[in-house]
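Engineer: So I've got this file, structure_31.cif, and it contains mmCIF, C-alpha atoms and all ligand atoms:
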data_coords
loop_
_atom_site.group_PDB
_atom_site.id
_atom_site.type_symbol
_atom_site.label_atom_id
_atom_site.label_comp_id
_atom_site.auth_asym_id
_atom_site.auth_seq_id
_atom_site.Cartn_x
_atom_site.Cartn_y
_atom_site.Cartn_z
ATOM 1 C CA MET A 23 134.317 19.636 11.501
ATOM 2 C CA MET A 24 132.229 18.592 14.515
ATOM 3 C CA ASN A 25 131.527 14.893 15.002
ATOM 4 C CA GLY A 26 130.691 12.431 17.771
ATOM 5 C CA HIS A 27 134.136 12.934 19.347
ATOM 6 C CA THR A 28 134.043 16.744 19.548
ATOM 7 C CA LYS A 29 134.889 17.963 23.049
ATOM 8 C CA LEU A 30 132.564 20.647 24.400
ATOM 9 C CA ALA A 31 133.269 23.640 26.633
ATOM 10 C CA GLY A 32 131.936 27.175 26.964
ATOM 11 C CA VAL A 33 131.503 30.309 29.047
ATOM 12 C CA ILE A 34 128.550 30.926 31.356
ATOM 13 C CA GLY A 35 127.580 34.523 32.064
ATOM 14 C CA TRP A 36 124.601 36.915 32.100
ATOM 15 C CA PRO A 37 124.892 38.613 29.738
ATOM 16 C CA VAL A 38 127.562 36.690 27.899
ATOM 17 C CA SER A 39 127.441 38.080 24.370
ATOM 18 C CA HIS A 40 130.318 40.507 25.101
ATOM 19 C CA SER A 41 132.705 37.677 26.067
ATOM 20 C CA ARG A 42 135.769 37.280 23.848
ATOM 21 C CA SER A 43 136.494 33.814 25.246
ATOM 22 C CA PRO A 44 134.695 31.909 22.417
ATOM 23 C CA MET A 45 136.828 33.751 19.851
ATOM 24 C CA LEU A 46 140.042 32.919 21.708
ATOM 25 C CA HIS A 47 139.313 29.259 22.503
ATOM 26 C CA ASN A 48 137.992 28.465 19.024
ATOM 27 C CA HIS A 49 141.120 30.118 17.554
ATOM 28 C CA TRP A 50 143.241 27.795 19.721
ATOM 29 C CA CYS A 51 141.142 24.772 18.652
ATOM 30 C CA ARG A 52 141.924 25.632 15.028
ATOM 31 C CA VAL A 53 145.659 26.306 15.397
ATOM 32 C CA HIS A 54 146.275 23.299 17.665
ATOM 33 C CA GLU A 55 144.005 21.034 15.557
ATOM 34 C CA VAL A 56 141.876 20.153 18.569
ATOM 35 C CA ASN A 57 138.515 18.534 17.886
ATOM 36 C CA GLY A 58 136.673 20.860 20.238
ATOM 37 C CA VAL A 59 134.206 23.716 20.349
ATOM 38 C CA TYR A 60 133.692 26.508 22.899
ATOM 39 C CA VAL A 61 130.299 28.229 23.037
ATOM 40 C CA PRO A 62 128.724 31.223 24.838
ATOM 41 C CA LEU A 63 126.122 30.042 27.387
ATOM 42 C CA PRO A 64 123.714 32.742 28.619
ATOM 43 C CA VAL A 65 122.503 31.591 32.057
ATOM 44 C CA ALA A 66 120.245 33.856 34.111
ATOM 45 C CA PRO A 67 120.914 34.501 37.820
ATOM 46 C CA GLY A 68 119.403 31.700 39.916
ATOM 47 C CA GLN A 69 119.838 29.144 37.106
ATOM 48 C CA LEU A 70 123.518 28.299 37.536
ATOM 49 C CA GLU A 71 123.104 25.030 39.418
ATOM 50 C CA THR A 72 120.526 23.709 36.928
ATOM 51 C CA ALA A 73 122.744 24.767 34.017
ATOM 52 C CA LEU A 74 125.875 23.096 35.433
ATOM 53 C CA LYS A 75 124.039 19.838 36.065
ATOM 54 C CA GLY A 76 122.595 19.898 32.542
ATOM 55 C CA LEU A 77 125.925 20.653 30.881
ATOM 56 C CA ALA A 78 127.707 17.938 32.852
ATOM 57 C CA ALA A 79 124.962 15.460 31.923
ATOM 58 C CA ALA A 80 125.233 16.514 28.264
ATOM 59 C CA GLY A 81 128.928 15.591 28.222
ATOM 60 C CA PHE A 82 130.577 19.021 28.462
ATOM 61 C CA ALA A 83 134.202 18.811 29.635
ATOM 62 C CA GLY A 84 133.760 22.023 31.616
ATOM 63 C CA VAL A 85 133.087 25.749 31.492
ATOM 64 C CA ASN A 86 134.391 29.179 32.342
ATOM 65 C CA VAL A 87 132.157 31.208 34.629
ATOM 66 C CA THR A 88 131.971 34.966 34.515
ATOM 67 C CA ILE A 89 129.888 37.816 35.959
ATOM 68 C CA PRO A 90 127.600 37.447 37.889
ATOM 69 C CA HIS A 91 128.170 33.775 38.694
ATOM 70 C CA LYS A 92 131.759 33.470 39.996
ATOM 71 C CA GLU A 93 130.929 33.378 43.696
ATOM 72 C CA GLU A 94 127.979 31.022 43.317
ATOM 73 C CA ALA A 95 130.148 28.752 41.155
ATOM 74 C CA PHE A 96 132.640 28.687 44.018
ATOM 75 C CA ARG A 97 129.875 27.482 46.367
ATOM 76 C CA LEU A 98 128.635 24.832 43.921
ATOM 77 C CA CYS A 99 132.024 23.168 43.361
ATOM 78 C CA ASP A 100 132.607 19.748 44.934
ATOM 79 C CA GLU A 101 136.369 20.324 44.954
ATOM 80 C CA LEU A 102 138.445 23.504 44.762
ATOM 81 C CA THR A 103 142.091 24.170 44.079
ATOM 82 C CA GLU A 104 144.000 25.923 46.846
ATOM 83 C CA THR A 105 144.210 29.014 44.586
ATOM 84 C CA ALA A 106 140.413 29.137 44.161
ATOM 85 C CA ARG A 107 139.953 28.700 47.899
ATOM 86 C CA ARG A 108 142.285 31.592 48.673
ATOM 87 C CA ALA A 109 140.718 33.811 46.003
ATOM 88 C CA GLY A 110 137.164 32.943 47.165
ATOM 89 C CA ALA A 111 136.041 32.539 43.539
ATOM 90 C CA ALA A 112 135.991 29.949 40.756
ATOM 91 C CA ASN A 113 136.138 30.874 37.063
ATOM 92 C CA THR A 114 137.201 27.561 35.509
ATOM 93 C CA LEU A 115 135.185 24.381 36.137
ATOM 94 C CA ARG A 116 135.732 20.777 35.064
ATOM 95 C CA PHE A 117 133.076 18.079 35.141
ATOM 96 C CA VAL A 118 134.650 14.795 36.228
ATOM 97 C CA GLU A 119 132.618 11.696 37.083
ATOM 98 C CA GLY A 120 129.632 13.662 38.339
ATOM 99 C CA ARG A 121 131.733 16.106 40.339
ATOM 100 C CA ILE A 122 132.507 19.766 39.705
ATOM 101 C CA LEU A 123 136.171 20.713 40.127
ATOM 102 C CA GLY A 124 136.792 24.465 40.448
ATOM 103 C CA ASP A 125 139.875 26.583 39.843
ATOM 104 C CA CYS A 126 140.489 30.331 39.746
ATOM 105 C CA THR A 127 142.916 31.132 36.938
ATOM 106 C CA ASP A 128 142.822 34.962 37.024
ATOM 107 C CA GLY A 129 145.742 35.259 39.461
ATOM 108 C CA THR A 130 147.859 32.640 37.707
ATOM 109 C CA GLY A 131 147.114 34.332 34.384
ATOM 110 C CA PHE A 132 148.167 37.683 35.843
ATOM 111 C CA CYS A 133 151.475 36.271 37.154
ATOM 112 C CA ASP A 134 152.229 34.285 33.966
ATOM 113 C CA ASN A 135 151.740 37.479 31.967
ATOM 114 C CA LEU A 136 154.137 39.390 34.248
ATOM 115 C CA GLN A 137 156.720 36.656 33.854
ATOM 116 C CA ALA A 138 156.275 36.705 30.071
ATOM 117 C CA HIS A 139 157.216 40.397 30.359
ATOM 118 C CA GLN A 140 160.364 39.493 32.351
ATOM 119 C CA VAL A 141 159.020 40.921 35.619
ATOM 120 C CA THR A 142 160.663 39.078 38.517
ATOM 121 C CA LEU A 143 158.126 38.260 41.212
ATOM 122 C CA GLY A 144 159.073 38.820 44.845
ATOM 123 C CA GLY A 145 159.524 41.741 47.205
ATOM 124 C CA ASN A 146 156.729 44.190 48.002
ATOM 125 C CA ALA A 147 153.620 44.320 45.816
ATOM 126 C CA LEU A 148 151.014 47.068 46.235
ATOM 127 C CA ILE A 149 147.579 46.168 44.873
ATOM 128 C CA LEU A 150 144.977 48.859 44.346
ATOM 129 C CA GLY A 151 141.504 47.365 44.778
ATOM 130 C CA ALA A 152 139.855 44.633 46.838
ATOM 131 C CA GLY A 153 137.219 43.316 44.403
ATOM 132 C CA GLY A 154 137.113 39.908 42.749
ATOM 133 C CA ALA A 155 140.111 40.454 40.479
ATOM 134 C CA ALA A 156 142.231 42.000 43.240
ATOM 135 C CA ARG A 157 141.567 38.976 45.476
ATOM 136 C CA ALA A 158 142.804 36.583 42.787
ATOM 137 C CA VAL A 159 145.870 38.712 42.001
ATOM 138 C CA ALA A 160 146.739 39.150 45.685
ATOM 139 C CA ALA A 161 146.446 35.408 46.403
ATOM 140 C CA ALA A 162 148.617 34.509 43.397
ATOM 141 C CA LEU A 163 151.314 37.086 44.226
ATOM 142 C CA GLN A 164 151.391 35.920 47.811
ATOM 143 C CA GLU A 165 151.758 32.291 46.696
ATOM 144 C CA ARG A 166 154.787 33.406 44.665
ATOM 145 C CA GLY A 167 156.512 34.947 47.657
ATOM 146 C CA CYS A 168 155.454 38.616 47.449
ATOM 147 C CA GLU A 169 154.702 40.680 50.538
ATOM 148 C CA VAL A 170 151.265 42.017 49.666
ATOM 149 C CA PHE A 171 149.956 45.521 50.454
ATOM 150 C CA ILE A 172 146.316 46.387 49.699
ATOM 151 C CA ALA A 173 144.807 49.866 49.277
ATOM 152 C CA ASN A 174 141.115 50.146 48.501
ATOM 153 C CA ARG A 175 138.657 53.040 48.410
ATOM 154 C CA THR A 176 136.463 51.127 50.867
ATOM 155 C CA ARG A 177 138.945 50.246 53.585
ATOM 156 C CA GLU A 178 136.786 47.501 55.109
ATOM 157 C CA ARG A 179 137.034 45.420 51.922
ATOM 158 C CA ALA A 180 140.850 45.717 52.027
ATOM 159 C CA GLU A 181 140.823 44.570 55.649
ATOM 160 C CA ASN A 182 138.592 41.606 54.773
ATOM 161 C CA LEU A 183 140.929 40.645 51.958
ATOM 162 C CA VAL A 184 144.038 40.734 54.158
ATOM 163 C CA GLN A 185 142.182 38.651 56.724
ATOM 164 C CA ALA A 186 141.186 36.092 54.077
ATOM 165 C CA LEU A 187 144.777 35.926 52.806
ATOM 166 C CA GLY A 188 146.037 35.351 56.326
ATOM 167 C CA ALA A 189 148.900 37.829 55.736
ATOM 168 C CA GLY A 190 149.582 41.194 54.159
ATOM 169 C CA HIS A 191 149.025 44.836 55.033
ATOM 170 C CA VAL A 192 146.321 47.447 54.491
ATOM 171 C CA LEU A 193 147.310 50.929 53.345
ATOM 172 C CA ALA A 194 144.941 53.900 53.478
ATOM 173 C CA TRP A 195 143.566 54.778 50.024
ATOM 174 C CA GLU A 196 144.593 58.418 50.510
ATOM 175 C CA GLU A 197 148.161 57.483 51.465
ATOM 176 C CA TRP A 198 149.303 54.596 49.260
ATOM 177 C CA SER A 199 151.429 56.813 47.029
ATOM 178 C CA ASP A 200 153.553 57.850 50.048
ATOM 179 C CA ARG A 201 154.705 54.219 50.354
ATOM 180 C CA LEU A 202 155.458 53.649 46.674
ATOM 181 C CA GLY A 203 159.211 53.980 47.199
ATOM 182 C CA GLU A 204 159.162 50.660 49.117
ATOM 183 C CA MET A 205 157.384 48.722 46.350
ATOM 184 C CA ASN A 206 158.713 46.464 43.595
ATOM 185 C CA LEU A 207 155.327 46.148 41.918
ATOM 186 C CA LEU A 208 152.225 48.359 41.667
ATOM 187 C CA VAL A 209 149.032 46.764 40.318
ATOM 188 C CA ASN A 210 145.834 48.576 39.436
ATOM 189 C CA ALA A 211 143.113 45.973 40.096
ATOM 190 C CA THR A 212 140.299 48.536 40.321
ATOM 191 C CA SER A 213 138.118 49.605 37.416
ATOM 192 C CA LEU A 214 139.813 53.038 37.436
ATOM 193 C CA GLY A 215 140.991 54.016 33.974
ATOM 194 C CA MET A 216 138.381 51.975 32.090
ATOM 195 C CA GLY A 217 137.463 53.674 28.861
ATOM 196 C CA GLY A 218 140.579 55.855 29.253
ATOM 197 C CA ARG A 219 139.022 57.940 32.047
ATOM 198 C CA ARG A 220 141.593 60.054 33.889
ATOM 199 C CA ASP A 221 139.934 59.757 37.312
ATOM 200 C CA VAL A 222 143.243 59.844 39.228
ATOM 201 C CA PRO A 223 146.264 62.184 38.847
ATOM 202 C CA TRP A 224 148.571 59.193 38.235
ATOM 203 C CA GLU A 225 151.615 61.328 37.302
ATOM 204 C CA GLU A 226 151.552 62.850 40.785
ATOM 205 C CA MET A 227 150.798 59.556 42.533
ATOM 206 C CA LEU A 228 153.803 57.877 40.917
ATOM 207 C CA CYS A 229 156.354 60.527 41.873
ATOM 208 C CA ARG A 230 157.664 58.531 44.868
ATOM 209 C CA GLY A 231 158.177 55.335 42.849
ATOM 210 C CA LYS A 232 161.759 54.115 42.437
ATOM 211 C CA GLU A 233 163.475 51.739 40.024
ATOM 212 C CA PRO A 234 163.037 48.786 39.642
ATOM 213 C CA LEU A 235 159.301 49.424 40.164
ATOM 214 C CA ALA A 236 157.109 47.624 37.638
ATOM 215 C CA VAL A 237 153.559 48.896 37.048
ATOM 216 C CA ALA A 238 150.766 46.595 35.871
ATOM 217 C CA ASP A 239 147.176 47.432 35.006
ATOM 218 C CA ILE A 240 144.542 44.718 34.714
ATOM 219 C CA VAL A 241 142.163 47.076 32.896
ATOM 220 C CA TYR A 242 142.611 46.426 29.176
ATOM 221 C CA THR A 243 140.137 48.837 27.557
ATOM 222 C CA PRO A 244 142.113 50.853 26.539
ATOM 223 C CA ARG A 245 145.259 48.756 26.445
ATOM 224 C CA GLN A 246 147.432 51.770 27.258
ATOM 225 C CA THR A 247 145.593 53.070 30.342
ATOM 226 C CA PRO A 248 146.252 56.512 31.874
ATOM 227 C CA LEU A 249 148.200 54.761 34.686
ATOM 228 C CA LEU A 250 150.450 52.894 32.237
ATOM 229 C CA GLN A 251 151.002 56.058 30.233
ATOM 230 C CA ALA A 252 152.088 57.961 33.360
ATOM 231 C CA ALA A 253 154.325 55.065 34.460
ATOM 232 C CA GLN A 254 155.973 54.862 31.054
ATOM 233 C CA GLU A 255 156.637 58.598 31.092
ATOM 234 C CA ARG A 256 158.415 58.132 34.419
ATOM 235 C CA GLY A 257 160.522 55.345 32.919
ATOM 236 C CA PHE A 258 159.004 52.390 34.829
ATOM 237 C CA LYS A 259 158.471 48.993 33.256
ATOM 238 C CA THR A 260 154.781 48.541 32.389
ATOM 239 C CA VAL A 261 152.533 45.539 31.714
ATOM 240 C CA ASP A 262 149.018 45.891 30.266
ATOM 241 C CA GLY A 263 145.938 43.802 31.090
ATOM 242 C CA LEU A 264 145.337 42.015 27.782
ATOM 243 C CA GLY A 265 147.916 39.330 28.513
ATOM 244 C CA MET A 266 146.152 38.410 31.779
ATOM 245 C CA LEU A 267 142.964 37.758 29.801
ATOM 246 C CA ILE A 268 144.833 35.441 27.437
ATOM 247 C CA TYR A 269 147.032 33.692 30.006
ATOM 248 C CA GLN A 270 144.117 32.994 32.387
ATOM 249 C CA ALA A 271 142.321 31.159 29.560
ATOM 250 C CA ARG A 272 145.183 28.701 28.915
ATOM 251 C CA ALA A 273 144.590 26.557 32.006
ATOM 252 C CA GLY A 274 140.938 25.933 31.108
ATOM 253 C CA PHE A 275 141.774 25.045 27.519
ATOM 254 C CA HIS A 276 144.413 22.616 28.772
ATOM 255 C CA ALA A 277 142.000 21.034 31.273
ATOM 256 C CA TRP A 278 139.166 20.522 28.752
ATOM 257 C CA PHE A 279 140.995 19.895 25.483
ATOM 258 C CA GLY A 280 144.284 18.376 26.671
ATOM 259 C CA THR A 281 146.653 20.870 24.974
ATOM 260 C CA LEU A 282 148.357 23.867 26.567
ATOM 261 C CA PRO A 283 147.840 26.615 23.970
ATOM 262 C CA GLU A 284 150.330 29.290 22.999
ATOM 263 C CA ALA A 285 149.714 32.879 24.095
ATOM 264 C CA ASP A 286 150.923 33.767 20.612
ATOM 265 C CA GLU A 287 150.928 37.078 18.806
ATOM 266 C CA VAL A 288 147.885 36.061 16.754
ATOM 267 C CA SER A 289 145.869 35.601 19.992
ATOM 268 C CA PHE A 290 146.839 39.111 21.113
ATOM 269 C CA ASP A 291 146.111 40.626 17.675
ATOM 270 C CA LEU A 292 142.756 38.858 17.410
ATOM 271 C CA LEU A 293 141.510 40.216 20.745
ATOM 272 C CA ALA A 294 143.073 43.658 20.369
ATOM 273 C CA LYS A 295 141.458 44.053 16.954
ATOM 274 C CA ASP A 296 138.050 42.870 18.153
ATOM 275 C CA LEU A 297 138.183 45.104 21.236
ATOM 276 C CA ALA A 298 139.469 47.994 19.098
ATOM 277 C CA ILE A 299 142.218 48.743 21.632
HETATM 278 P P1 LIG B 301 134.806 44.514 41.319
HETATM 279 O O1 LIG B 301 134.777 43.248 42.081
HETATM 280 O O2 LIG B 301 133.536 45.236 41.024
HETATM 281 O O3 LIG B 301 135.812 45.530 42.086
HETATM 282 C C1 LIG B 301 135.973 46.859 41.638
HETATM 283 C C2 LIG B 301 137.133 47.501 42.408
HETATM 284 O O4 LIG B 301 137.357 48.814 41.857
HETATM 285 C C3 LIG B 301 136.851 47.697 43.897
HETATM 286 O O5 LIG B 301 138.065 47.565 44.604
HETATM 287 C C4 LIG B 301 136.346 49.151 43.933
HETATM 288 O O6 LIG B 301 136.516 49.784 45.188
HETATM 289 C C5 LIG B 301 137.250 49.789 42.911
HETATM 290 N N1 LIG B 301 136.709 51.034 42.360
HETATM 291 C C6 LIG B 301 135.672 51.162 41.510
HETATM 292 N N2 LIG B 301 135.461 52.494 41.232
HETATM 293 C C7 LIG B 301 136.408 53.177 41.935
HETATM 294 C C8 LIG B 301 136.704 54.564 42.081
HETATM 295 N N3 LIG B 301 136.009 55.499 41.421
HETATM 296 N N4 LIG B 301 137.725 54.933 42.881
HETATM 297 C C9 LIG B 301 138.462 53.985 43.547
HETATM 298 N N5 LIG B 301 138.213 52.648 43.463
HETATM 299 C C10 LIG B 301 137.193 52.255 42.659
HETATM 300 O O7 LIG B 301 135.490 44.296 39.873
HETATM 301 P P2 LIG B 301 136.606 43.217 39.450
HETATM 302 O O8 LIG B 301 135.937 42.009 38.918
HETATM 303 O O9 LIG B 301 137.564 43.074 40.568
HETATM 304 O O10 LIG B 301 137.291 43.953 38.196
HETATM 305 C C11 LIG B 301 138.068 45.124 38.351
HETATM 306 C C12 LIG B 301 138.636 45.514 36.995
HETATM 307 O O11 LIG B 301 139.508 44.496 36.513
HETATM 308 C C13 LIG B 301 137.565 45.690 35.894
HETATM 309 O O12 LIG B 301 137.921 46.810 35.133
HETATM 310 C C14 LIG B 301 137.699 44.433 35.056
HETATM 311 O O13 LIG B 301 137.357 44.637 33.695
HETATM 312 C C15 LIG B 301 139.192 44.148 35.181
HETATM 313 N N6 LIG B 301 139.529 42.714 35.008
HETATM 314 C C16 LIG B 301 140.470 42.393 34.076
HETATM 315 C C17 LIG B 301 140.827 41.062 33.901
HETATM 316 C C18 LIG B 301 141.846 40.706 32.871
HETATM 317 O O14 LIG B 301 141.894 39.536 32.460
HETATM 318 N N7 LIG B 301 142.698 41.628 32.449
HETATM 319 C C19 LIG B 301 140.225 40.063 34.686
HETATM 320 C C20 LIG B 301 139.272 40.424 35.646
HETATM 321 C C21 LIG B 301 138.927 41.774 35.781
HETATM 322 P P3 LIG B 301 135.355 49.710 46.336
HETATM 323 O O15 LIG B 301 135.568 48.393 47.033
HETATM 324 O O16 LIG B 301 135.621 50.878 47.188
HETATM 325 O O17 LIG B 301 134.039 49.783 45.597
#
Turn this file's structure into structure tokens for me.

Structural biologist:
Amino acid sequence: MMNGHTKLAGVIGWPVSHSRSPMLHNHWCRVHEVNGVYVPLPVAPGQLETALKGLAAAGFAGVNVTIPHKEEAFRLCDELTETARRAGAANTLRFVEGRILGDCTDGTGFCDNLQAHQVTLGGNALILGAGGAARAVAAALQERGCEVFIANRTRERAENLVQALGAGHVLAWEEWSDRLGEMNLLVNATSLGMGGRRDVPWEEMLCRGKEPLAVADIVYTPRQTPLLQAAQERGFKTVDGLGMLIYQARAGFHAWFGTLPEADEVSFDLLAKDLAI
């Protein structure tokens, strides 16, 4: 039941109707008996600053920010966590005494999910991709002591990412599979495999991988992507992308509502069912 003490949060995007975050956060409000509500907030490009000021003035505790606003949100923050600074993006904002505090929880969510799957972080990590998600994943892995290798179709973006990280290595897109034998972790942070498309001959690309290689995909539609299927067939440990979605949401919930929620089975089932994956 909402009342004068109900804490408010939400997700800003354009469009935003596809976002599963309201379902997840409101589920957590129910199970943790938090007097809070989390709403979808459609905000058109160019309107982000006005929207943030209005929401802060209306007493919102904070918001998540998704496509296409993540980079502008980063610019509008008064303070940023070190993780957000390194990732160059902010997806979780808090409104505190007229200031906007920004964090980027995608990378932390990715790493927490790996650890929940008993993947030990460290050693060499090869990340495919250099877009927004890859930046967050690379920064988080580096913070946790991994030596980061980046391969991206557009090499220049991989070079820019390594430069922004201040460390790491660029591998040619056509040659990354030759170096797989040196890696402890392979991460697909591109949109390859979305919708189950078999755009890459993954079976072939994985043939140089060696135990104890772990393979993670951040694409979660489908949950079992063609990459994960090929990796499983080769006997490697695999981690799908749904957990990242759930784990990245926990920090925001904690910041706005004061409770660290469980990434419980019901959360996974709820999203998997709704996404039909
Ligand atoms: P983005 O910024 O648009 O980056 C897309 C990346 O995919 C770029 O590196 C791009 O390479 C690469 N790519 C696209 N098509 C390709 C192709 N045909 N061949 C090779 N590389 C290709 O997107 P993003 O925000 O980083 O998201 C990437 C994926 O992660 C999406 O599928 C998204 O749904 C997923 N994601 C999942 C979570 C989660 O919680 N599990 C969170 C965030 C994102 P170029 O630079 O060469 O274009």

Engineer: Would you mind reading off the distance between CA of Asn86 in chain A and atom O14 of ligand LIG 301 (chain B), one decimal, in Å?

Structural biologist: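 These atoms are spaced 12.8 Å apart.
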
Engineer: Would you place a box with edges along x, y and z of the file around all atoms of range 154-172 of chain A listed there, add 3 Å to each of its six sides, and report the centre and edge lengths in Å to one decimal, as lines of an AutoDock Vina configuration file?

Structural biologist:
center_x = 146.8
center_y = 39.3
center_z = 45.5
size_x = 25.4
size_y = 20.1
size_z = 16.1

Engineer: Which residues fall under the PyMOL selection byres (((not hetatm)) within 7 of (chain B and resi 301)) in this file, as a PyMOL selection string?

Structural biologist: chain A and resi 128+151-156+174-176+179+211-214+216+240-242+263-267+270

Engineer: So, with only C-alpha atoms as the atoms that count, which of A:Thr130, A:Phe258, A:Ile268, A:Leu297 lies closest to Arg245 in chain A?

Structural biologist: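 For Arg245 in chain A, the nearest of the candidates is A:Leu297.
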
Engineer: Residues near Ala109 in chain A, anyone? I mean within 7 Å using all atoms listed in the file, not counting same-chain ones fewer than 5 positions away, as a ChimeraX atom specification.

Structural biologist: /A:157-158,161

Engineer: For the residues selected in the previous step, produce a file with C-alpha atoms as a CSV table (one decimal), in the coordinates of the input.

Structural biologist:
chain,number,residue,atom,x,y,z
A,157,ARG,CA,141.6,39.0,45.5
A,158,ALA,CA,142.8,36.6,42.8
A,161,ALA,CA,146.4,35.4,46.4

Engineer: Excluding range 281-293 of chain A and residues on its chain fewer than 2 positions from it, collect all residues at most 8 Å away from it, counting only C-alpha atoms, and give them as a compact mmCIF listing (two decimals) with C-alpha atoms, in the frame of the given file.

Structural biologist:
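Okay, selection_4.txt is ready:
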# COMPACT_ATOMS: atom_id res chain seq x y z
CA ARG A 42 135.77 37.28 23.85
CA LEU A 46 140.04 32.92 21.71
CA HIS A 49 141.12 30.12 17.55
CA TRP A 50 143.24 27.80 19.72
CA HIS A 54 146.28 23.30 17.66
CA LEU A 264 145.34 42.02 27.78
CA GLY A 265 147.92 39.33 28.51
CA ILE A 268 144.83 35.44 27.44
CA TYR A 269 147.03 33.69 30.01
CA ARG A 272 145.18 28.70 28.92
CA ALA A 273 144.59 26.56 32.01
CA PHE A 275 141.77 25.04 27.52
CA HIS A 276 144.41 22.62 28.77
CA ALA A 277 142.00 21.03 31.27
CA PHE A 279 141.00 19.90 25.48
CA LYS A 295 141.46 44.05 16.95
CA ASP A 296 138.05 42.87 18.15
CA LEU A 297 138.18 45.10 21.24

Engineer: Separation of CA of Arg108 in chain A and CA of Gln164 in chain A, in Å?

Structural biologist: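 Between these atoms lies a distance of 10.1 Å.
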
Engineer: Write out as a list of chain:residue names each polymer residue whose atoms come within 10 Å of Pro234 in chain A, counting only C-alpha atoms; drop sequence neighbours fewer than 4 positions from it.

Structural biologist: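 Everything that qualifies: A:Val141, A:Gly203, A:Met205, A:Asn206, A:Leu207, A:Gly257, A:Phe258, A:Lys259.
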
Engineer: Given the PyMOL selection byres (((chain A and resi 111) around 6) and not hetatm) and the file above, list the residues it selects as an MDAnalysis selection string.

Structural biologist: chainID A and resid 92:93 96 106 109:110 112

Engineer: Return as a VMD selection string the set of residues that the PyMOL selection byres (((chain A and resi 190) around 8) and not hetatm) yields on the displayed structure.

Structural biologist: chain A and resid 169 to 172 184 187 to 189 191 to 192

Engineer: Could you tell me how far CA of Leu30 in chain A lies from CA of Trp278 in chain A, in Å and to one decimal?

Structural biologist: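 Calculated distance between CA of Leu30 in chain A and CA of Trp278 in chain A is 7.9 Å.
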
Engineer: Using all atoms listed in the file, which residue out of A:Ala271, A:Val65, A:Leu183, A:Cys168 lies closest to Thr114 in chain A?

Structural biologist: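 Once distances to Thr114 in chain A are computed over all atoms listed in the file, the minimum belongs to A:Ala271.
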
Engineer: Could you complete range 163-175 of chain A so that it carries N, CA and C atoms, and give it back as a PDB file, in the coordinates of the input?

Structural biologist:
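Wrote rebuild_14.pdb, looks like this:
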ATOM      1  N   LEU A 163     150.025  36.436  43.925  1.00  0.00           N
ATOM      2  CA  LEU A 163     151.314  37.086  44.226  1.00  0.00           C
ATOM      3  C   LEU A 163     151.865  36.583  45.561  1.00  0.00           C
ATOM      4  N   GLN A 164     150.949  36.416  46.505  1.00  0.00           N
ATOM      5  CA  GLN A 164     151.391  35.920  47.811  1.00  0.00           C
ATOM      6  C   GLN A 164     151.954  34.501  47.694  1.00  0.00           C
ATOM      7  N   GLU A 165     151.271  33.672  46.909  1.00  0.00           N
ATOM      8  CA  GLU A 165     151.758  32.291  46.696  1.00  0.00           C
ATOM      9  C   GLU A 165     153.146  32.280  46.080  1.00  0.00           C
ATOM     10  N   ARG A 166     153.476  33.341  45.330  1.00  0.00           N
ATOM     11  CA  ARG A 166     154.787  33.406  44.665  1.00  0.00           C
ATOM     12  C   ARG A 166     155.794  34.198  45.476  1.00  0.00           C
ATOM     13  N   GLY A 167     155.509  34.395  46.749  1.00  0.00           N
ATOM     14  CA  GLY A 167     156.512  34.947  47.657  1.00  0.00           C
ATOM     15  C   GLY A 167     156.499  36.454  47.822  1.00  0.00           C
ATOM     16  N   CYS A 168     155.504  37.152  47.276  1.00  0.00           N
ATOM     17  CA  CYS A 168     155.454  38.616  47.449  1.00  0.00           C
ATOM     18  C   CYS A 168     154.869  38.979  48.805  1.00  0.00           C
ATOM     19  N   GLU A 169     155.328  40.074  49.359  1.00  0.00           N
ATOM     20  CA  GLU A 169     154.702  40.680  50.538  1.00  0.00           C
ATOM     21  C   GLU A 169     153.626  41.609  49.977  1.00  0.00           C
ATOM     22  N   VAL A 170     152.370  41.333  50.332  1.00  0.00           N
ATOM     23  CA  VAL A 170     151.265  42.017  49.666  1.00  0.00           C
ATOM     24  C   VAL A 170     150.730  43.182  50.510  1.00  0.00           C
ATOM     25  N   PHE A 171     150.562  44.336  49.843  1.00  0.00           N
ATOM     26  CA  PHE A 171     149.956  45.521  50.454  1.00  0.00           C
ATOM     27  C   PHE A 171     148.687  45.834  49.659  1.00  0.00           C
ATOM     28  N   ILE A 172     147.587  46.119  50.382  1.00  0.00           N
ATOM     29  CA  ILE A 172     146.316  46.387  49.699  1.00  0.00           C
ATOM     30  C   ILE A 172     145.826  47.787  50.061  1.00  0.00           C
ATOM     31  N   ALA A 173     145.470  48.571  49.046  1.00  0.00           N
ATOM     32  CA  ALA A 173     144.807  49.866  49.277  1.00  0.00           C
ATOM     33  C   ALA A 173     143.502  49.853  48.499  1.00  0.00           C
ATOM     34  N   ASN A 174     142.415  50.140  49.177  1.00  0.00           N
ATOM     35  CA  ASN A 174     141.115  50.146  48.501  1.00  0.00           C
ATOM     36  C   ASN A 174     140.298  51.328  48.988  1.00  0.00           C
ATOM     37  N   ARG A 175     139.505  51.892  48.062  1.00  0.00           N
ATOM     38  CA  ARG A 175     138.657  53.040  48.410  1.00  0.00           C
ATOM     39  C   ARG A 175     137.835  52.718  49.658  1.00  0.00           C
TER      40      ARG A 175
END
